[in-house]
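Dumped model_20.txt below, it's compact mmCIF, C-alpha atoms:
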```
# COMPACT_ATOMS: atom_id res chain seq x y z
CA GLU A 830 0.00 0.00 0.00
CA ALA A 831 1.33 3.42 -1.01
CA GLN A 832 1.81 5.50 2.10
CA VAL A 833 3.74 8.05 4.10
CA THR A 834 4.59 6.75 7.57
CA GLN A 835 5.46 8.97 10.50
CA ASN A 836 6.69 7.88 13.90
CA PRO A 837 5.96 8.48 16.65
CA ARG A 838 2.30 9.42 16.25
CA TYR A 839 2.15 10.84 19.75
CA LEU A 840 4.94 11.99 22.01
CA ILE A 841 5.20 13.88 25.26
CA THR A 842 8.71 15.01 26.07
CA VAL A 843 10.55 17.55 28.15
CA THR A 844 12.41 20.70 27.24
CA GLY A 845 15.89 20.07 25.89
CA LYS A 846 15.60 16.35 25.26
CA LYS A 847 16.59 15.71 21.64
CA LEU A 848 14.06 13.87 19.58
CA THR A 849 13.61 12.68 16.01
CA VAL A 850 10.34 12.25 14.16
CA THR A 851 10.84 9.81 11.32
CA CYS A 852 9.11 10.01 7.95
CA SER A 853 9.27 7.33 5.32
CA GLN A 854 7.49 7.00 1.98
CA ASN A 855 7.29 3.92 -0.24
CA MET A 856 6.29 5.68 -3.47
CA ASN A 857 9.76 6.65 -4.68
CA HIS A 858 8.75 10.31 -4.46
CA GLU A 859 11.31 13.04 -5.14
CA TYR A 860 9.70 15.81 -3.08
CA MET A 861 9.26 15.62 0.68
CA SER A 862 8.24 18.27 3.17
CA TRP A 863 7.53 18.86 6.85
CA TYR A 864 4.72 21.06 8.18
CA ARG A 865 3.51 22.05 11.57
CA GLN A 866 -0.15 22.78 12.17
CA ASP A 867 -1.31 25.04 14.96
CA PRO A 868 -4.86 26.37 15.50
CA GLY A 869 -5.55 29.37 13.28
CA LEU A 870 -2.15 29.25 11.59
CA GLY A 871 -2.77 26.65 8.91
CA LEU A 872 0.03 24.48 7.57
CA ARG A 873 3.37 26.15 8.07
CA GLN A 874 6.28 24.63 6.23
CA ILE A 875 9.39 23.78 8.23
CA TYR A 876 11.75 22.26 5.68
CA TYR A 877 11.42 20.67 2.29
CA SER A 878 13.54 18.54 0.00
CA MET A 879 13.38 18.34 -3.77
CA ASN A 880 15.68 15.35 -3.97
CA VAL A 881 18.30 13.33 -2.13
CA GLU A 882 20.86 15.56 -0.38
CA VAL A 883 18.86 18.67 -1.34
CA THR A 884 17.04 20.41 1.50
CA ASP A 885 15.82 23.95 1.99
CA LYS A 886 14.19 26.04 4.68
CA GLY A 887 10.49 26.70 4.74
CA ASP A 888 8.70 29.42 6.70
CA VAL A 889 9.53 28.25 10.22
CA PRO A 890 12.84 26.33 10.25
CA GLU A 891 14.19 27.66 13.55
CA GLY A 892 14.81 24.90 16.09
CA TYR A 893 14.57 22.09 13.53
CA LYS A 894 16.97 20.12 11.38
CA VAL A 895 16.39 17.65 8.58
CA SER A 896 18.39 15.33 6.40
CA ARG A 897 17.69 13.52 3.14
CA LYS A 898 20.33 10.83 2.82
CA GLU A 899 17.97 8.41 1.09
CA LYS A 900 15.05 9.09 -1.18
CA ARG A 901 12.48 7.39 1.04
CA ASN A 902 13.38 8.95 4.42
CA PHE A 903 13.15 12.53 5.64
CA PRO A 904 13.57 12.70 9.43
CA LEU A 905 12.77 15.83 11.42
CA ILE A 906 15.17 16.50 14.28
CA LEU A 907 14.50 18.71 17.27
CA GLU A 908 17.92 19.15 18.87
CA SER A 909 16.66 20.96 21.97
CA PRO A 910 12.85 21.01 21.99
CA SER A 911 11.05 23.90 23.64
CA PRO A 912 7.37 24.30 24.62
CA ASN A 913 6.69 26.50 21.57
CA GLN A 914 7.39 23.45 19.40
CA THR A 915 4.32 21.74 20.83
CA SER A 916 2.30 21.13 17.70
CA LEU A 917 0.85 18.66 15.21
CA TYR A 918 3.46 17.74 12.61
CA PHE A 919 2.81 16.42 9.13
CA CYS A 920 5.24 14.91 6.68
CA ALA A 921 4.26 14.85 3.02
CA SER A 922 5.70 13.61 -0.25
CA SER A 923 4.98 13.93 -3.95
CA GLN A 924 6.30 12.97 -7.32
CA PRO A 925 6.69 16.02 -9.58
CA THR A 926 4.31 15.85 -12.52
CA GLY A 927 5.22 17.78 -15.62
CA ARG A 928 6.56 21.01 -14.19
CA THR A 929 4.65 20.96 -10.88
CA THR A 930 5.11 19.38 -7.47
CA GLY A 931 2.21 17.02 -8.13
CA GLU A 932 -0.23 15.68 -5.54
CA LEU A 933 1.05 15.80 -1.97
CA PHE A 934 0.49 12.65 0.10
CA PHE A 935 0.46 13.34 3.82
CA GLY A 936 1.35 11.12 6.71
CA GLU A 937 -1.14 10.69 9.56
CA GLY A 938 0.55 13.32 11.67
CA SER A 939 2.63 13.34 14.84
CA ARG A 940 1.29 15.14 17.87
CA LEU A 941 4.19 16.43 19.92
CA THR A 942 3.94 17.96 23.38
CA VAL A 943 6.99 19.57 24.96
CA LEU A 944 6.70 20.22 28.69
CA GLY B 111 8.87 34.45 -2.57
CA GLU B 112 5.30 33.43 -3.19
CA ASN B 113 2.59 34.46 -0.71
CA VAL B 114 -0.91 32.99 -0.66
CA GLU B 115 -3.81 34.73 1.09
CA GLN B 116 -7.03 32.81 1.74
CA HIS B 117 -10.49 34.13 2.66
CA PRO B 118 -12.65 33.72 4.59
CA SER B 119 -11.06 31.97 7.55
CA THR B 120 -14.42 30.54 8.58
CA LEU B 121 -17.55 29.96 6.54
CA SER B 122 -20.91 28.63 7.65
CA VAL B 123 -23.62 27.62 5.16
CA GLN B 124 -26.90 25.77 5.19
CA GLU B 125 -27.00 22.33 3.67
CA GLY B 126 -27.79 22.62 -0.03
CA ASP B 127 -26.34 26.11 -0.39
CA SER B 128 -23.15 26.91 -2.28
CA ALA B 129 -19.81 27.78 -0.68
CA VAL B 130 -17.02 29.83 -2.20
CA ILE B 131 -13.47 30.14 -0.86
CA LYS B 132 -11.07 32.61 -2.44
CA CYS B 133 -7.29 32.76 -2.61
CA THR B 134 -4.90 35.31 -4.02
CA TYR B 135 -1.26 34.76 -4.86
CA SER B 136 1.57 37.21 -5.26
CA ASP B 137 3.88 35.83 -7.95
CA SER B 138 2.61 35.85 -11.53
CA ALA B 139 5.00 32.97 -12.32
CA SER B 140 2.91 30.57 -10.20
CA ASN B 141 1.29 27.99 -12.43
CA TYR B 142 -0.12 25.24 -10.23
CA PHE B 143 -3.02 25.68 -7.78
CA PRO B 144 -4.25 22.70 -5.75
CA TRP B 145 -6.91 22.56 -3.06
CA TYR B 146 -6.71 20.25 -0.06
CA LYS B 147 -9.45 19.18 2.33
CA GLN B 148 -8.73 18.25 5.93
CA GLU B 149 -11.50 16.60 7.89
CA LEU B 150 -11.40 16.81 11.65
CA GLY B 151 -8.58 14.67 13.07
CA LYS B 152 -7.37 13.56 9.66
CA ARG B 153 -4.62 14.40 7.22
CA PRO B 154 -5.08 16.87 4.34
CA GLN B 155 -6.02 15.30 1.00
CA LEU B 156 -6.06 16.73 -2.50
CA ILE B 157 -9.56 17.33 -3.83
CA ILE B 158 -8.92 19.27 -7.02
CA ASP B 159 -6.15 21.19 -8.75
CA ILE B 160 -5.78 23.51 -11.71
CA ARG B 161 -2.89 24.57 -13.88
CA SER B 162 -2.40 28.04 -15.28
CA ASN B 163 -3.26 27.09 -18.84
CA VAL B 164 -6.85 26.31 -17.72
CA GLY B 165 -9.46 28.80 -16.49
CA GLU B 166 -11.87 26.41 -14.80
CA LYS B 167 -12.04 22.79 -13.76
CA LYS B 168 -15.00 20.81 -12.39
CA ASP B 169 -15.35 17.55 -10.58
CA GLN B 170 -18.95 16.75 -9.65
CA ARG B 171 -19.99 19.32 -7.00
CA ILE B 172 -16.65 21.08 -6.73
CA ALA B 173 -15.05 23.47 -9.18
CA VAL B 174 -12.02 25.72 -9.21
CA THR B 175 -11.67 28.90 -11.23
CA LEU B 176 -8.47 30.78 -11.97
CA ASN B 177 -8.03 34.42 -12.94
CA LYS B 178 -4.38 34.86 -13.88
CA THR B 179 -4.70 38.58 -14.55
CA ALA B 180 -6.03 39.26 -11.07
CA LYS B 181 -3.88 36.52 -9.54
CA HIS B 182 -6.70 34.82 -7.72
CA PHE B 183 -8.37 31.44 -7.74
CA SER B 184 -11.48 30.15 -6.03
CA LEU B 185 -13.04 26.89 -4.87
CA HIS B 186 -16.75 26.49 -5.44
CA ILE B 187 -18.79 23.79 -3.73
CA THR B 188 -22.40 23.43 -4.84
CA GLU B 189 -25.25 21.63 -3.06
CA THR B 190 -23.21 21.43 0.12
CA GLN B 191 -23.65 18.44 2.40
CA PRO B 192 -22.67 17.93 6.06
CA GLU B 193 -19.73 15.77 4.95
CA ASP B 194 -18.29 18.82 3.21
CA SER B 195 -17.59 20.27 6.67
CA ALA B 196 -13.79 20.48 6.94
CA VAL B 197 -10.85 22.83 6.67
CA TYR B 198 -9.92 23.67 3.10
CA PHE B 199 -6.44 24.83 2.08
CA CYS B 200 -5.44 26.45 -1.18
CA ALA B 201 -1.85 26.40 -2.40
CA ALA B 202 0.30 27.71 -5.23
CA SER B 203 3.65 26.91 -6.79
CA MET B 204 5.81 27.74 -9.77
CA ASN B 205 7.73 25.39 -12.04
CA TYR B 206 9.23 22.53 -10.06
CA GLY B 207 12.96 22.75 -9.51
CA GLY B 208 14.78 25.28 -7.40
CA SER B 209 13.19 26.95 -4.38
CA GLN B 210 10.46 28.51 -6.49
CA GLY B 211 8.89 25.14 -7.19
CA ASN B 212 7.94 24.76 -3.55
CA LEU B 213 4.24 24.54 -2.74
CA ILE B 214 2.98 27.43 -0.57
CA PHE B 215 -0.27 27.01 1.40
CA GLY B 216 -2.90 29.51 2.45
CA LYS B 217 -3.97 29.57 6.10
CA GLY B 218 -7.12 27.56 5.56
CA THR B 219 -10.90 28.03 5.68
CA LYS B 220 -13.04 26.16 8.16
CA LEU B 221 -16.30 25.30 6.40
CA SER B 222 -19.30 24.28 8.46
CA VAL B 223 -22.37 22.92 6.70
CA LYS B 224 -25.45 23.03 8.90
CA PRO B 225 -28.19 20.44 8.34
```

In structure tokens, how does this file's structure come out?
Amino acid sequence: EAQVTQNPRYLITVTGKKLTVTCSQNMNHEYMSWYRQDPGLGLRQIYYSMNVEVTDKGDVPEGYKVSRKEKRNFPLILESPSPNQTSLYFCASSQPTGRTTGELFFGEGSRLTVL
Amino acid sequence: GENVEQHPSTLSVQEGDSAVIKCTYSDSASNYFPWYKQELGKRPQLIIDIRSNVGEKKDQRIAVTLNKTAKHFSLHITETQPEDSAVYFCAASMNYGGSQGNLIFGKGTKLSVKP
């Protein structure tokens, strides 16, 4: 089954404790992206990647890191989480179609709480 | 970079009425405009998209129109049903490749359809 898998789905952690949210897609997609969703603020992009070893900042990259060593994986790293990073996180991927990003497929989301 | 504004932020209609959500974009080079629907507690999913060489596209009760001169596009839902209640996001992007091919989302519209 074609899917984008995020782990963990739910996490409660404490300030300063490094954590990684994994994202894996099995559709051989070129484009991958991370978003955070907070009430009233929509989907804000954190980082995106247009191919292996190519990553770029989105609107809200501060406090996050990413890597794209393999096509299928795009982990989101919070080196020193803070309470303002409490949010719902979505990973998404797509295969560019023609000259566009193509349809984005989203993971189920990861709800992160930082105490 | 591209900026996408979406209005209204909330919209309430009676079942059977029509709903219209409008988005404007800033960069005339944008050429791809998808709409995503996010039901409560679920991930966003693509419902319809349009490319800049097309002025209108329909799929059953939903349609999207694009006005390139005015740099705005709209989602139209006719004969609304309770299951249309969700948050709708518009987005825009330019040619894929380089940072300008990134997909930029509006802040979302919460549509409520009252029985």

**OP:** Take CA of Glu149 in chain B and CA of Asn855 in chain A and report the distance between them in Å, one decimal.
**Re:**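 A separation of 24.1 Å between them.
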
Original post:
Once you count only C-alpha atoms, which residues of chain B turn out to be within 7 Å of chain A? Could you give them as a PyMOL selection string?
Top reply: chain B and resi 142+152-154+156+204-206+211+215+217-218

Original post:
Which one of B:Tyr146, B:Phe183, B:Tyr135, B:Tyr198 sits closest to Leu221 in chain B if you count all atoms listed in the file?
Top reply: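 The shortest atom-to-atom distance to Leu221 in chain B comes from B:Tyr198.
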
Subject >> Pairwise distance for CA of Ser128 in chain B and CA of Asp867 in chain A, rounded to one decimal in Å >> reply: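 These two atoms are separated by 27.9 Å.
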
**OP:** Take the point (-6.0, 27.6, -15.0) as written in the file and pick out every residue within 8 Å of it, counting only C-alpha atoms; give the list as number ranges by chain.
**Re:** B: 141-142, 160-167, 175-178

**OP:** Have a look at B:Asp137, B:Ala196, B:Ser203, B:Gln170 and name the one nearest to Gly151 in chain B; count only C-alpha atoms.
**Re:** B:Ala196

Subject >> Residue nearest Thr849 in chain A - candidates A:Ser923, A:Arg901, A:Pro912, A:Leu907, atoms counted: only C-alpha atoms >> reply: A:Leu907

Original post:
Of the candidates B:Ile158, B:Phe143, B:Val174, B:Cys200, which shows the shortest atom-to-atom distance to Glu115 in chain B, using all atoms listed in the file?
Top reply: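 Using all atoms listed in the file, Glu115 in chain B sits closest to B:Cys200.
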
Subject >> Which of A:Leu941, A:Leu848, A:Val895, A:Met856 sits closest to Gln914 in chain A [using all atoms listed in the file] >> reply: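 Looking only at the distances to Gln914 in chain A, the closest residue turns out to be A:Leu941.
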
List the spatial neighbours of Gln854 in chain A as a PDB file with C-alpha atoms, in the frame of the given file - criterion: any atom at most 9 Å away, all atoms listed in the file, same-chain residues fewer than 3 positions off excluded.
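The resulting part-v4.pdb:
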```pdb
ATOM      1  CA  ALA A 831       1.330   3.420  -1.010  1.00  0.00           C
ATOM      2  CA  GLN A 832       1.810   5.500   2.100  1.00  0.00           C
ATOM      3  CA  VAL A 833       3.740   8.050   4.100  1.00  0.00           C
ATOM      4  CA  THR A 834       4.590   6.750   7.570  1.00  0.00           C
ATOM      5  CA  GLN A 835       5.460   8.970  10.500  1.00  0.00           C
ATOM      6  CA  ASN A 857       9.760   6.650  -4.680  1.00  0.00           C
ATOM      7  CA  HIS A 858       8.750  10.310  -4.460  1.00  0.00           C
ATOM      8  CA  MET A 861       9.260  15.620   0.680  1.00  0.00           C
ATOM      9  CA  LYS A 900      15.050   9.090  -1.180  1.00  0.00           C
ATOM     10  CA  ARG A 901      12.480   7.390   1.040  1.00  0.00           C
ATOM     11  CA  ASN A 902      13.380   8.950   4.420  1.00  0.00           C
ATOM     12  CA  PHE A 903      13.150  12.530   5.640  1.00  0.00           C
ATOM     13  CA  ALA A 921       4.260  14.850   3.020  1.00  0.00           C
ATOM     14  CA  SER A 922       5.700  13.610  -0.250  1.00  0.00           C
ATOM     15  CA  GLY A 936       1.350  11.120   6.710  1.00  0.00           C
TER      16      GLY A 936
END
```

Original post:
For the atom pair CA of His117 in chain B and CA of Pro144 in chain B, what is the interatomic distance in Å to one decimal place?
Top reply: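 Computing it gives 15.5 Å between the two atoms.
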
**OP:** Within 6 Å of range 840-846 of chain A, counting all atoms listed in the file, which residues show up once you throw out same-chain ones fewer than 5 positions away? Write them as a PyMOL selection string, please.
**Re:** chain A and resi 909-911+941-944

Subject >> Residue nearest Lys181 in chain B among B:Val223, B:Ala139, B:Val130, B:Ile157 (counting all atoms listed in the file) >> reply: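 Looking only at the distances to Lys181 in chain B, the closest residue turns out to be B:Ala139.
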
Which residues, written as an mmCIF file with C-alpha atoms, keeping the file's coordinate frame, have at least one atom at most 8 Å from Glu882 in chain A, with all atoms listed in the file counted and residues fewer than 3 positions away on the same chain left out?
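Once everything was written out, this is around20.cif:
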```cif
data_model
loop_
_atom_site.group_PDB
_atom_site.id
_atom_site.type_symbol
_atom_site.label_atom_id
_atom_site.label_comp_id
_atom_site.auth_asym_id
_atom_site.auth_seq_id
_atom_site.Cartn_x
_atom_site.Cartn_y
_atom_site.Cartn_z
ATOM 1 C CA SER A 878 13.540 18.540 0.000
ATOM 2 C CA SER A 896 18.390 15.330 6.400
ATOM 3 C CA ARG A 897 17.690 13.520 3.140
ATOM 4 C CA LYS A 898 20.330 10.830 2.820
ATOM 5 C CA GLU A 899 17.970 8.410 1.090
#
```

Enclose all atoms of range 149-168 of chain B listed in the file in an axis-aligned box, grow every side by 4 Å, and hand back centre and edge lengths in Å to one decimal, as JSON.
```
{"center_x": -8.7, "center_y": 21.2, "center_z": -2.9, "size_x": 20.6, "size_y": 23.2, "size_z": 39.9}
```
